[in-house]
$ cat work_19.txt   # compact mmCIF, C-alpha atoms
# COMPACT_ATOMS: atom_id res chain seq x y z
CA MET A 1 -69.27 -28.27 -36.01
CA ASN A 2 -67.00 -28.92 -38.99
CA LYS A 3 -64.26 -31.48 -38.66
CA LYS A 4 -60.82 -31.16 -40.14
CA LYS A 5 -60.37 -32.98 -43.41
CA ASP A 6 -58.01 -35.57 -41.89
CA ALA A 7 -60.13 -36.18 -38.76
CA PHE A 8 -61.54 -39.63 -38.12
CA LYS A 9 -65.06 -40.07 -39.48
CA THR A 10 -68.02 -41.92 -37.99
CA VAL A 11 -69.96 -44.63 -39.82
CA GLY A 12 -72.68 -42.15 -40.74
CA GLU A 13 -70.19 -39.65 -42.13
CA VAL A 14 -68.52 -42.36 -44.23
CA CYS A 15 -71.92 -43.37 -45.64
CA GLN A 16 -72.46 -39.73 -46.63
CA ILE A 17 -69.02 -39.51 -48.26
CA LEU A 18 -69.50 -42.75 -50.21
CA GLY A 19 -73.10 -42.01 -51.14
CA LEU A 20 -74.46 -45.05 -49.31
CA ILE A 21 -77.87 -43.48 -48.75
CA ASP A 22 -81.23 -45.07 -49.54
CA ASN A 23 -82.91 -42.86 -52.14
CA ASP A 24 -86.42 -43.64 -50.93
CA THR A 25 -86.01 -43.29 -47.17
CA GLY A 26 -82.86 -41.17 -46.89
CA ARG A 27 -81.43 -43.63 -44.36
CA LYS A 28 -77.73 -44.42 -44.32
CA LYS A 29 -76.75 -47.90 -45.49
CA THR A 30 -74.40 -48.65 -42.61
CA HIS A 31 -75.04 -52.37 -43.04
CA ILE A 32 -73.02 -52.26 -46.27
CA LEU A 33 -69.96 -50.94 -44.43
CA ARG A 34 -70.30 -53.65 -41.77
CA PHE A 35 -70.63 -56.28 -44.50
CA TRP A 36 -67.51 -55.01 -46.29
CA GLU A 37 -65.61 -55.01 -42.98
CA LYS A 38 -66.42 -58.71 -42.61
CA LYS A 39 -65.52 -59.60 -46.19
CA PHE A 40 -62.38 -57.47 -46.75
CA LYS A 41 -59.58 -57.28 -44.24
CA GLN A 42 -58.49 -53.97 -45.82
CA ALA A 43 -61.88 -52.40 -45.01
CA LYS A 44 -61.44 -52.49 -41.24
CA CYS A 45 -61.96 -49.26 -39.35
CA SER A 46 -58.95 -47.69 -37.66
CA VAL A 47 -60.35 -47.02 -34.22
CA VAL A 48 -63.05 -48.57 -32.09
CA HIS A 49 -63.90 -46.55 -29.00
CA ASN A 50 -66.76 -47.61 -26.72
CA GLY A 51 -68.22 -49.74 -29.49
CA ARG A 52 -68.17 -46.97 -32.09
CA ARG A 53 -66.15 -47.32 -35.27
CA TYR A 54 -64.06 -44.47 -36.67
CA TYR A 55 -62.46 -44.34 -40.11
CA SER A 56 -59.29 -42.59 -41.24
CA SER A 57 -58.82 -41.00 -44.66
CA GLU A 58 -56.94 -44.13 -45.78
CA ASP A 59 -59.80 -46.36 -44.60
CA ILE A 60 -62.23 -44.25 -46.62
CA LYS A 61 -60.04 -44.53 -49.72
CA VAL A 62 -60.08 -48.33 -49.43
CA LEU A 63 -63.86 -48.33 -48.95
CA HIS A 64 -64.27 -46.02 -51.95
CA THR A 65 -62.15 -48.41 -54.04
CA ILE A 66 -64.27 -51.37 -52.95
CA LYS A 67 -67.47 -49.47 -53.75
CA THR A 68 -66.16 -48.48 -57.19
CA LEU A 69 -65.06 -52.00 -58.07
CA ILE A 70 -68.32 -53.61 -56.95
CA ASN A 71 -70.93 -51.02 -57.91
CA ASP A 72 -69.38 -49.22 -60.90
CA GLU A 73 -67.21 -51.94 -62.42
CA GLY A 74 -69.51 -54.84 -61.54
CA LEU A 75 -66.82 -57.08 -60.07
CA THR A 76 -67.64 -59.97 -57.78
CA LEU A 77 -66.61 -59.95 -54.13
CA ASN A 78 -64.03 -62.66 -54.82
CA LYS A 79 -62.46 -60.69 -57.68
CA VAL A 80 -62.25 -57.56 -55.50
CA LYS A 81 -60.66 -59.63 -52.71
CA LYS A 82 -58.14 -60.98 -55.18
CA LEU A 83 -57.24 -57.51 -56.44
CA LEU A 84 -56.86 -56.14 -52.92
CA ASN A 85 -54.82 -59.12 -51.74
CA GLU A 86 -52.43 -59.35 -54.72
CA LYS A 87 -50.08 -56.63 -53.53
CA LYS A 88 -49.10 -55.76 -50.00
CA ASP A 89 -47.94 -52.19 -50.70
CA LYS A 90 -50.90 -49.78 -50.83
CA THR A 91 -49.51 -47.79 -53.77
CA GLU A 92 -49.00 -51.02 -55.71
CA VAL A 93 -52.59 -52.03 -54.93
CA ASP A 94 -53.88 -48.66 -56.14
CA SER A 95 -51.90 -48.84 -59.38
CA LYS A 96 -52.97 -52.46 -59.95
CA ILE A 97 -56.62 -51.53 -59.44
CA ASP A 98 -56.29 -48.44 -61.65
CA LYS A 99 -54.71 -50.57 -64.36
CA TYR A 100 -57.49 -53.17 -64.06
CA ILE A 101 -60.21 -50.51 -64.24
CA ASN A 102 -58.56 -48.90 -67.26
CA GLN A 103 -58.34 -52.29 -69.00
CA GLU A 104 -61.98 -53.04 -68.26
CA GLN A 105 -63.03 -49.60 -69.52
CA LEU A 106 -60.94 -50.10 -72.65
CA LYS A 107 -62.68 -53.44 -73.30
CA LYS A 108 -66.08 -51.77 -72.92
CA ILE A 109 -65.09 -48.95 -75.29
CA LYS A 110 -63.80 -51.41 -77.90
CA LYS A 111 -67.03 -53.39 -77.66
CA ILE A 112 -69.10 -50.23 -78.16
CA ILE A 113 -66.96 -49.20 -81.16
CA SER A 114 -67.40 -52.66 -82.66
CA GLU A 115 -71.17 -52.46 -82.18
CA ILE A 116 -71.25 -49.02 -83.81
CA LYS A 117 -69.24 -50.31 -86.75
CA ASN A 118 -71.71 -53.19 -87.16
CA ILE A 119 -74.60 -50.73 -87.20
CA ILE A 120 -72.90 -48.52 -89.79
$ encode --input "work_19.txt" --output "structure tokens"
Amino acid sequence: MNKKKDAFKTVGEVCQILGLIDNDTGRKKTHILRFWEKKFKQAKCSVVHNGRRYYSSEDIKVLHTIKTLINDEGLTLNKVKKLLNEKKDKTEVDSKIDKYINQEQLKKIKKIISEIKNII
């Protein structure tokens, strides 16, 4: 059974979407989602029904942002909290995070260029 794109997703489905799967065992890393829910107020699921958590598309976007900032950008939990808490409006948060990521990527690129120049 295929769900509609905007349908609420289960914990397992969100793990699949975010790539939170153990490479060795193939098990879903649901504990990471539960951890993020405790640490980030923005990472809360939308609906809890009979003890099961369901996530909206917006919830998944927030979780994807958290995953990107922690895993790809290497930010600490406190720095991610600060970025998510700085602005109340979601679009402002997204643009702030995009700007931060772009600045961090620019710094990395400049460092690589500098290292290449030193080699040459």
$ residues_around --input "work_19.txt" --residues "segment 31-48 of chain A" --least-positions-apart "3" --cutoff "12 Å" --atoms "only C-alpha atoms" --output "ChimeraX atom specification"
/A:7-16,18-22,27-28,51-67,70-71,76-85,87-90,93
$ write_last_selection --input "work_19.txt" --atoms "C-alpha atoms" --output "PDB file, in the frame of the given file"
ATOM      1  CA  ALA A   7     -60.130 -36.180 -38.760  1.00  0.00           C
ATOM      2  CA  PHE A   8     -61.540 -39.630 -38.120  1.00  0.00           C
ATOM      3  CA  LYS A   9     -65.060 -40.070 -39.480  1.00  0.00           C
ATOM      4  CA  THR A  10     -68.020 -41.920 -37.990  1.00  0.00           C
ATOM      5  CA  VAL A  11     -69.960 -44.630 -39.820  1.00  0.00           C
ATOM      6  CA  GLY A  12     -72.680 -42.150 -40.740  1.00  0.00           C
ATOM      7  CA  GLU A  13     -70.190 -39.650 -42.130  1.00  0.00           C
ATOM      8  CA  VAL A  14     -68.520 -42.360 -44.230  1.00  0.00           C
ATOM      9  CA  CYS A  15     -71.920 -43.370 -45.640  1.00  0.00           C
ATOM     10  CA  GLN A  16     -72.460 -39.730 -46.630  1.00  0.00           C
ATOM     11  CA  LEU A  18     -69.500 -42.750 -50.210  1.00  0.00           C
ATOM     12  CA  GLY A  19     -73.100 -42.010 -51.140  1.00  0.00           C
ATOM     13  CA  LEU A  20     -74.460 -45.050 -49.310  1.00  0.00           C
ATOM     14  CA  ILE A  21     -77.870 -43.480 -48.750  1.00  0.00           C
ATOM     15  CA  ASP A  22     -81.230 -45.070 -49.540  1.00  0.00           C
ATOM     16  CA  ARG A  27     -81.430 -43.630 -44.360  1.00  0.00           C
ATOM     17  CA  LYS A  28     -77.730 -44.420 -44.320  1.00  0.00           C
ATOM     18  CA  GLY A  51     -68.220 -49.740 -29.490  1.00  0.00           C
ATOM     19  CA  ARG A  52     -68.170 -46.970 -32.090  1.00  0.00           C
ATOM     20  CA  ARG A  53     -66.150 -47.320 -35.270  1.00  0.00           C
ATOM     21  CA  TYR A  54     -64.060 -44.470 -36.670  1.00  0.00           C
ATOM     22  CA  TYR A  55     -62.460 -44.340 -40.110  1.00  0.00           C
ATOM     23  CA  SER A  56     -59.290 -42.590 -41.240  1.00  0.00           C
ATOM     24  CA  SER A  57     -58.820 -41.000 -44.660  1.00  0.00           C
ATOM     25  CA  GLU A  58     -56.940 -44.130 -45.780  1.00  0.00           C
ATOM     26  CA  ASP A  59     -59.800 -46.360 -44.600  1.00  0.00           C
ATOM     27  CA  ILE A  60     -62.230 -44.250 -46.620  1.00  0.00           C
ATOM     28  CA  LYS A  61     -60.040 -44.530 -49.720  1.00  0.00           C
ATOM     29  CA  VAL A  62     -60.080 -48.330 -49.430  1.00  0.00           C
ATOM     30  CA  LEU A  63     -63.860 -48.330 -48.950  1.00  0.00           C
ATOM     31  CA  HIS A  64     -64.270 -46.020 -51.950  1.00  0.00           C
ATOM     32  CA  THR A  65     -62.150 -48.410 -54.040  1.00  0.00           C
ATOM     33  CA  ILE A  66     -64.270 -51.370 -52.950  1.00  0.00           C
ATOM     34  CA  LYS A  67     -67.470 -49.470 -53.750  1.00  0.00           C
ATOM     35  CA  ILE A  70     -68.320 -53.610 -56.950  1.00  0.00           C
ATOM     36  CA  ASN A  71     -70.930 -51.020 -57.910  1.00  0.00           C
ATOM     37  CA  THR A  76     -67.640 -59.970 -57.780  1.00  0.00           C
ATOM     38  CA  LEU A  77     -66.610 -59.950 -54.130  1.00  0.00           C
ATOM     39  CA  ASN A  78     -64.030 -62.660 -54.820  1.00  0.00           C
ATOM     40  CA  LYS A  79     -62.460 -60.690 -57.680  1.00  0.00           C
ATOM     41  CA  VAL A  80     -62.250 -57.560 -55.500  1.00  0.00           C
ATOM     42  CA  LYS A  81     -60.660 -59.630 -52.710  1.00  0.00           C
ATOM     43  CA  LYS A  82     -58.140 -60.980 -55.180  1.00  0.00           C
ATOM     44  CA  LEU A  83     -57.240 -57.510 -56.440  1.00  0.00           C
ATOM     45  CA  LEU A  84     -56.860 -56.140 -52.920  1.00  0.00           C
ATOM     46  CA  ASN A  85     -54.820 -59.120 -51.740  1.00  0.00           C
ATOM     47  CA  LYS A  87     -50.080 -56.630 -53.530  1.00  0.00           C
ATOM     48  CA  LYS A  88     -49.100 -55.760 -50.000  1.00  0.00           C
ATOM     49  CA  ASP A  89     -47.940 -52.190 -50.700  1.00  0.00           C
ATOM     50  CA  LYS A  90     -50.900 -49.780 -50.830  1.00  0.00           C
ATOM     51  CA  VAL A  93     -52.590 -52.030 -54.930  1.00  0.00           C
TER      52      VAL A  93
END
$ closest_residue --input "work_19.txt" --among "A:Ile119, A:Ile17, A:Lys107, A:His49" --to "Glu73 of chain A" --atoms "only C-alpha atoms"
A:Lys107
$ atom_distance --input "work_19.txt" --atom1 "atom CA of Leu75 of chain A" --atom2 "atom CA of Lys108 of chain A"
13.9 Å
$ atom_distance --input "work_19.txt" --atom1 "atom CA of Ile109 of chain A" --atom2 "atom CA of Glu86 of chain A"
26.3 Å
$ atom_distance --input "work_19.txt" --atom1 "atom CA of Lys111 of chain A" --atom2 "atom CA of Leu69 of chain A"
19.7 Å
